[in-house]
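Contents: one structure, followed by commentary.
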Amino acid sequence: MFNPDPSAKPVNTKLPRDVIMMVEKNNLVMAIKTLAADENISMDEAKSRIDAYETQLKVKQQQKLNTIASKQGIPNQAISFDREQEEDEPGPLVKNRVKTTKQSQGFKGLQDGVDSQLNDLGYKKPLLPYWLKRLLVIAVLMIGIFWILWRVFG
């Protein structure tokens with residue numbers, strides 16, 4: 001490769017292994033600082049090299065996904081990094097409705113699924129839960145012991 005300025009350092013396009021590991025673990029700030037310190041370059045230059053490596057890595061991953069998808073018969077448009085995640089469109093505001101988060105919707109769906117499975121199996125919920133039965137037994141025993149001690153020492 002022709003270098004027009006012989007006094008300048010040769011440009012090293014390959015990143016060190018520790019910097020590559022940091023980039024793959026999404027620890028970009030430490031990767032930029034480490035690269036800048038190791039090679040005595042500016043932070044902007046280190047950032048641009050790491051960004052170039054990241055895009056190259058994403059392109060390779062996309063190509064691998066596309067080959068796997070084509071082998072399995074999945075269209076290439078179904079798998080893409082460029083696509084943004086679909087977000088819920090806020091509906092019209094209703095005064096009496098409380099908007100739930102995705103996490104609580106997921107938990108509610110899980111509860112509904114478990115309840116439907118138990119209903120399909122013919123399971124009936126007990127009148128008193130197990131933990132309440134245990135508390136009642138403990139309370140009755142404590143009252144009984146207290147009554148006996150009161151009669152003996154009272």
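Labeling convention for the structure tokens: chains A, B, ... as they appear, residues from 1 per chain, ligands from 1 in order of appearance.
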For range 17-20 of chain A, please output as a list in words all residues within 10 Å (counting only C-alpha atoms; exclusion window: fewer than 2 positions along the same chain).
->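 With the cut-off at 10 Å, the set is Lys14, Leu15, Met22, Val23, Glu24, Lys25, Asn26, Asn27, Leu28, Met30, Ala31, Ile32, Lys33, Thr34, Leu35, Asp38, Ile50, Tyr53 and Glu54 of chain A.
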